[in-house]
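K.L.:
Have a peek at target12.cif (mmCIF, C-alpha atoms and all ligand atoms).
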data_data
loop_
_atom_site.group_PDB
_atom_site.id
_atom_site.type_symbol
_atom_site.label_atom_id
_atom_site.label_comp_id
_atom_site.auth_asym_id
_atom_site.auth_seq_id
_atom_site.Cartn_x
_atom_site.Cartn_y
_atom_site.Cartn_z
ATOM 1 C CA MET A 30 0.000 0.000 0.000
ATOM 2 C CA SER A 31 1.342 3.387 -0.853
ATOM 3 C CA ALA A 32 0.999 6.515 1.196
ATOM 4 C CA CYS A 33 -1.224 9.479 0.408
ATOM 5 C CA MET A 34 0.555 11.728 -2.086
ATOM 6 C CA CYS A 35 -0.137 14.832 -0.013
ATOM 7 C CA GLY A 36 2.274 13.684 2.646
ATOM 8 C CA CYS A 37 -0.285 13.385 5.467
ATOM 9 C CA GLY A 38 0.988 9.912 6.267
ATOM 10 C CA ARG A 39 -2.313 8.093 5.761
ATOM 11 C CA THR A 40 -2.653 5.073 3.472
ATOM 12 C CA ALA A 41 -3.755 5.901 -0.064
ATOM 13 C CA ASP A 42 -6.997 4.043 -0.751
ATOM 14 C CA ARG A 43 -8.414 6.251 -3.491
ATOM 15 C CA LYS A 44 -7.466 7.874 -6.760
ATOM 16 C CA HIS A 45 -8.104 11.576 -6.896
ATOM 17 C CA HIS A 46 -8.827 13.156 -10.292
ATOM 18 C CA VAL A 47 -6.501 16.140 -10.339
ATOM 19 C CA VAL A 48 -8.583 17.737 -13.088
ATOM 20 C CA TYR A 49 -11.963 17.036 -11.488
ATOM 21 C CA ARG A 50 -14.444 14.671 -13.055
ATOM 22 C CA ASP A 51 -17.071 17.393 -13.493
ATOM 23 C CA LYS A 52 -14.530 19.486 -15.387
ATOM 24 C CA LEU A 53 -13.615 16.550 -17.620
ATOM 25 C CA SER A 54 -17.293 15.987 -18.312
ATOM 26 C CA ARG A 55 -17.809 19.619 -19.291
ATOM 27 C CA VAL A 56 -14.722 19.753 -21.494
ATOM 28 C CA ALA A 57 -15.650 16.502 -23.207
ATOM 29 C CA SER A 58 -19.165 17.698 -23.998
ATOM 30 C CA ASP A 59 -18.382 21.275 -24.941
ATOM 31 C CA ASP A 60 -16.923 21.707 -28.402
ATOM 32 C CA ALA A 61 -16.688 25.472 -28.052
ATOM 33 C CA GLY A 62 -14.994 25.303 -24.643
ATOM 34 C CA ARG A 63 -12.320 23.048 -26.093
ATOM 35 C CA GLY A 64 -11.428 25.636 -28.668
ATOM 36 C CA GLY A 65 -11.518 23.046 -31.414
ATOM 37 C CA ARG A 66 -8.929 20.779 -29.805
ATOM 38 C CA GLN A 67 -9.395 17.071 -30.225
ATOM 39 C CA ILE A 68 -9.636 15.234 -26.939
ATOM 40 C CA PRO A 69 -10.760 11.727 -26.025
ATOM 41 C CA PRO A 70 -14.319 11.046 -24.803
ATOM 42 C CA TYR A 71 -15.185 11.462 -21.117
ATOM 43 C CA LYS A 72 -14.987 7.724 -20.398
ATOM 44 C CA ALA A 73 -11.383 7.691 -21.589
ATOM 45 C CA LEU A 74 -10.499 10.940 -19.827
ATOM 46 C CA ILE A 75 -11.577 9.745 -16.385
ATOM 47 C CA LYS A 76 -9.453 6.617 -16.787
ATOM 48 C CA ASP A 77 -6.330 8.460 -17.907
ATOM 49 C CA ARG A 78 -3.777 7.507 -15.289
ATOM 50 C CA ARG A 79 -1.781 10.672 -15.859
ATOM 51 C CA ASN A 80 -4.541 12.591 -14.077
ATOM 52 C CA LEU A 81 -4.795 10.322 -11.051
ATOM 53 C CA LEU A 82 -3.266 10.971 -7.667
ATOM 54 C CA LYS A 83 -3.168 8.272 -4.999
ATOM 55 C CA VAL A 84 -4.669 9.714 -1.856
ATOM 56 C CA ALA A 85 -6.431 8.758 1.363
ATOM 57 C CA SER A 86 -10.209 9.004 1.026
ATOM 58 C CA SER A 87 -10.583 11.139 4.148
ATOM 59 C CA CYS A 88 -7.944 13.434 2.739
ATOM 60 C CA GLU A 89 -9.664 13.689 -0.641
ATOM 61 C CA ARG A 90 -12.975 14.604 1.006
ATOM 62 C CA ALA A 91 -11.204 17.375 2.869
ATOM 63 C CA HIS A 92 -9.648 18.600 -0.376
ATOM 64 C CA HIS A 93 -13.005 18.800 -2.130
ATOM 65 C CA ALA A 94 -14.519 20.474 0.931
ATOM 66 C CA GLY A 95 -11.752 23.051 0.816
ATOM 67 C CA SER A 96 -10.247 22.372 4.224
ATOM 68 C CA VAL A 97 -7.158 20.732 2.727
ATOM 69 C CA VAL A 98 -5.574 22.083 -0.435
ATOM 70 C CA TYR A 99 -3.088 19.799 -2.106
ATOM 71 C CA PRO A 100 0.114 21.582 -3.070
ATOM 72 C CA LEU A 101 1.090 21.664 -6.745
ATOM 73 C CA SER A 102 4.413 20.167 -5.733
ATOM 74 C CA CYS A 103 2.772 16.837 -4.815
ATOM 75 C CA LEU A 104 1.365 16.379 -8.321
ATOM 76 C CA PRO A 105 3.217 14.090 -10.726
ATOM 77 C CA ASP A 106 4.679 15.490 -13.979
ATOM 78 C CA SER A 107 2.057 13.574 -15.940
ATOM 79 C CA VAL A 108 -0.710 15.769 -14.516
ATOM 80 C CA PHE A 109 0.703 18.901 -16.111
ATOM 81 C CA GLU A 110 0.972 17.143 -19.450
ATOM 82 C CA PHE A 111 -2.590 15.850 -19.154
ATOM 83 C CA ALA A 112 -3.995 19.229 -18.102
ATOM 84 C CA ALA A 113 -2.263 21.045 -20.952
ATOM 85 C CA GLU A 114 -3.593 18.522 -23.431
ATOM 86 C CA VAL A 115 -7.179 18.523 -22.162
ATOM 87 C CA LEU A 116 -7.622 22.081 -20.910
ATOM 88 C CA GLY A 117 -5.302 23.854 -23.320
ATOM 89 C CA PRO A 118 -4.550 27.464 -22.381
ATOM 90 C CA THR A 119 -6.876 27.322 -19.358
ATOM 91 C CA ALA A 120 -4.817 24.609 -17.646
ATOM 92 C CA PHE A 121 -2.712 27.124 -15.761
ATOM 93 C CA ALA A 122 -5.641 28.960 -14.189
ATOM 94 C CA TYR A 123 -7.491 25.729 -13.481
ATOM 95 C CA LEU A 124 -4.665 24.120 -11.538
ATOM 96 C CA ARG A 125 -3.689 27.388 -9.916
ATOM 97 C CA GLY A 126 -7.210 27.814 -8.594
ATOM 98 C CA ARG A 127 -7.456 24.383 -7.051
ATOM 99 C CA TYR A 128 -3.973 23.580 -5.813
ATOM 100 C CA SER A 129 -1.638 25.612 -3.686
ATOM 101 C CA GLY A 130 1.879 26.920 -3.928
ATOM 102 C CA GLU A 131 4.187 27.600 -6.815
ATOM 103 C CA ASP A 132 5.582 25.086 -9.235
ATOM 104 C CA SER A 133 7.873 25.572 -12.194
ATOM 105 C CA ARG A 134 5.974 22.877 -14.083
ATOM 106 C CA LEU A 135 2.865 25.034 -13.834
ATOM 107 C CA GLU A 136 4.739 28.134 -14.920
ATOM 108 C CA ALA A 137 5.838 26.190 -18.004
ATOM 109 C CA LEU A 138 2.186 25.771 -19.019
ATOM 110 C CA THR A 139 1.832 29.484 -19.548
ATOM 111 C CA ASP A 140 4.424 29.446 -22.295
ATOM 112 C CA GLY A 141 5.847 32.566 -20.798
ATOM 113 C CA CYS A 142 2.635 34.555 -21.248
ATOM 114 C CA LEU A 143 2.895 35.974 -17.722
ATOM 115 C CA GLN A 144 6.031 37.773 -18.775
ATOM 116 C CA GLN A 145 4.402 39.396 -21.778
ATOM 117 C CA THR A 146 3.640 43.059 -21.673
ATOM 118 C CA HIS A 147 0.168 42.444 -23.049
ATOM 119 C CA PRO A 148 -1.454 40.068 -20.607
ATOM 120 C CA SER A 149 -4.747 40.325 -22.477
ATOM 121 C CA SER A 150 -3.335 37.800 -24.890
ATOM 122 C CA CYS A 151 -3.351 35.262 -22.073
ATOM 123 C CA VAL A 152 -6.406 33.119 -21.752
ATOM 124 C CA VAL A 153 -6.972 33.039 -18.025
ATOM 125 C CA THR A 154 -10.486 32.254 -16.966
HETATM 126 ZN ZN ZN A 201 -3.327 13.063 2.504
#
Could you write out this file's structure as structure tokens?
Ligand SMILES: [Zn+2]

P.N.:
Amino acid sequence: MSACMCGCGRTADRKHHVVYRDKLSRVASDDAGRGGRQIPPYKALIKDRRNLLKVASSCERAHHAGSVVYPLSCLPDSVFEFAAEVLGPTAFAYLRGRYSGEDSRLEALTDGCLQQTHPSSCVVT
């Protein structure tokens, strides 16, 4: 048995969807929201292991309730790749809004747009 990825020390008995299931459902069903990008159907998205984080169920409940916020640093590299692929330019804001701290892997998703002098070209929703 592996330990919860957040570092709380409990046994991981669940897989947390880093990009939440409701978000995956919306992206999969919304052609406009995808900006024309091709992504797999919802059933495939929720099974994509790149988006799964092994956690303790009590810990995951607390995360969704907002009393525990997982730090970006505990997310595997694969999550950033998955989020960029599925959420496109909104991946940065999505992860930023739900996970805490700073992470260079997240900064990389912006393609340097935070450094641009015209931030209106950034898609941050
Ligand atoms: Zn935990």

K.L.:
Between CA of Tyr71 in chain A and CA of Ser58 in chain A, what distance in Å does the model show, to one decimal?

P.N.:
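CA of Ser58 in chain A lies at a distance of 7.9 Å from CA of Tyr71 in chain A.
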
K.L.:
For the file shown, what are the residues hit by the PyMOL selection byres (((not hetatm)) within 6 of (chain A and resi 201)), laid out as number ranges by chain?

P.N.:
A: 33, 35-37, 84-85, 88

K.L.:
Set the distance at 10 Å and use all atoms listed in the file: which residues neighbour Ser54 in chain A once local chain neighbours fewer than 2 positions away are removed? I'd like the list as a PyMOL selection string.

P.N.:
chain A and resi 49-52+56-59+70-72+74-75

K.L.:
Let me see the file: selected residues, C-alpha atoms, as a compact mmCIF listing (two decimals), keeping the file's coordinate frame.

P.N.:
# COMPACT_ATOMS: atom_id res chain seq x y z
CA TYR A 49 -11.96 17.04 -11.49
CA ARG A 50 -14.44 14.67 -13.06
CA ASP A 51 -17.07 17.39 -13.49
CA LYS A 52 -14.53 19.49 -15.39
CA VAL A 56 -14.72 19.75 -21.49
CA ALA A 57 -15.65 16.50 -23.21
CA SER A 58 -19.16 17.70 -24.00
CA ASP A 59 -18.38 21.28 -24.94
CA PRO A 70 -14.32 11.05 -24.80
CA TYR A 71 -15.18 11.46 -21.12
CA LYS A 72 -14.99 7.72 -20.40
CA LEU A 74 -10.50 10.94 -19.83
CA ILE A 75 -11.58 9.74 -16.39

K.L.:
Report, in Å with one decimal, the straight-line distance from CA of Ser133 in chain A to CA of Leu53 in chain A.

P.N.:
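Straight-line distance from CA of Ser133 in chain A to CA of Leu53 in chain A works out to 23.9 Å.
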
K.L.:
Would you pick out the contacts of Leu138 in chain A at 9 Å or less, using all atoms listed in the file, so that residues sharing its chain but fewer than 5 positions from it are not included, and give the list as a PyMOL selection string?

P.N.:
chain A and resi 109-110+113+117-118+120-121+133

K.L.:
Which residues come within 9 Å of Asp132 in chain A, counting all atoms listed in the file, excluding same-chain residues fewer than 6 positions away, as a list in words?

P.N.:
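After dropping sequence-adjacent residues, the list is Pro100, Leu101 and Ser102 of chain A.
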
K.L.:
Edge lengths and centre in Å to one decimal, as lines of an AutoDock Vina configuration file, of the axis-aligned box that encloses all listed atoms of range 114-117 of chain A with 3 Å added on every side?

P.N.:
center_x = -5.6
center_y = 21.2
center_z = -22.2
size_x = 10.0
size_y = 11.3
size_z = 8.5

K.L.:
Is it possible to get the residues within 8 Å of (-7.3, 14.4, -10.1) (coordinates as in the file, counting only C-alpha atoms) written as a list in words?

P.N.:
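Result, sorted by chain then residue number: Lys44, His45, His46, Val47, Val48, Tyr49, Arg50, Asn80, Leu81 and Leu82 of chain A.
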
K.L.:
Give me range 52-97 of chain A from this structure - C-alpha atoms, as a CSV table (one decimal), in the first residue's frame.

P.N.:
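Below is the file decode-v7.csv, written as the result:
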chain,number,residue,atom,x,y,z
A,52,LYS,CA,-14.5,19.5,-15.4
A,53,LEU,CA,-13.6,16.5,-17.6
A,54,SER,CA,-17.3,16.0,-18.3
A,55,ARG,CA,-17.8,19.6,-19.3
A,56,VAL,CA,-14.7,19.8,-21.5
A,57,ALA,CA,-15.6,16.5,-23.2
A,58,SER,CA,-19.2,17.7,-24.0
A,59,ASP,CA,-18.4,21.3,-24.9
A,60,ASP,CA,-16.9,21.7,-28.4
A,61,ALA,CA,-16.7,25.5,-28.1
A,62,GLY,CA,-15.0,25.3,-24.6
A,63,ARG,CA,-12.3,23.0,-26.1
A,64,GLY,CA,-11.4,25.6,-28.7
A,65,GLY,CA,-11.5,23.0,-31.4
A,66,ARG,CA,-8.9,20.8,-29.8
A,67,GLN,CA,-9.4,17.1,-30.2
A,68,ILE,CA,-9.6,15.2,-26.9
A,69,PRO,CA,-10.8,11.7,-26.0
A,70,PRO,CA,-14.3,11.0,-24.8
A,71,TYR,CA,-15.2,11.5,-21.1
A,72,LYS,CA,-15.0,7.7,-20.4
A,73,ALA,CA,-11.4,7.7,-21.6
A,74,LEU,CA,-10.5,10.9,-19.8
A,75,ILE,CA,-11.6,9.7,-16.4
A,76,LYS,CA,-9.5,6.6,-16.8
A,77,ASP,CA,-6.3,8.5,-17.9
A,78,ARG,CA,-3.8,7.5,-15.3
A,79,ARG,CA,-1.8,10.7,-15.9
A,80,ASN,CA,-4.5,12.6,-14.1
A,81,LEU,CA,-4.8,10.3,-11.1
A,82,LEU,CA,-3.3,11.0,-7.7
A,83,LYS,CA,-3.2,8.3,-5.0
A,84,VAL,CA,-4.7,9.7,-1.9
A,85,ALA,CA,-6.4,8.8,1.4
A,86,SER,CA,-10.2,9.0,1.0
A,87,SER,CA,-10.6,11.1,4.1
A,88,CYS,CA,-7.9,13.4,2.7
A,89,GLU,CA,-9.7,13.7,-0.6
A,90,ARG,CA,-13.0,14.6,1.0
A,91,ALA,CA,-11.2,17.4,2.9
A,92,HIS,CA,-9.6,18.6,-0.4
A,93,HIS,CA,-13.0,18.8,-2.1
A,94,ALA,CA,-14.5,20.5,0.9
A,95,GLY,CA,-11.8,23.1,0.8
A,96,SER,CA,-10.2,22.4,4.2
A,97,VAL,CA,-7.2,20.7,2.7
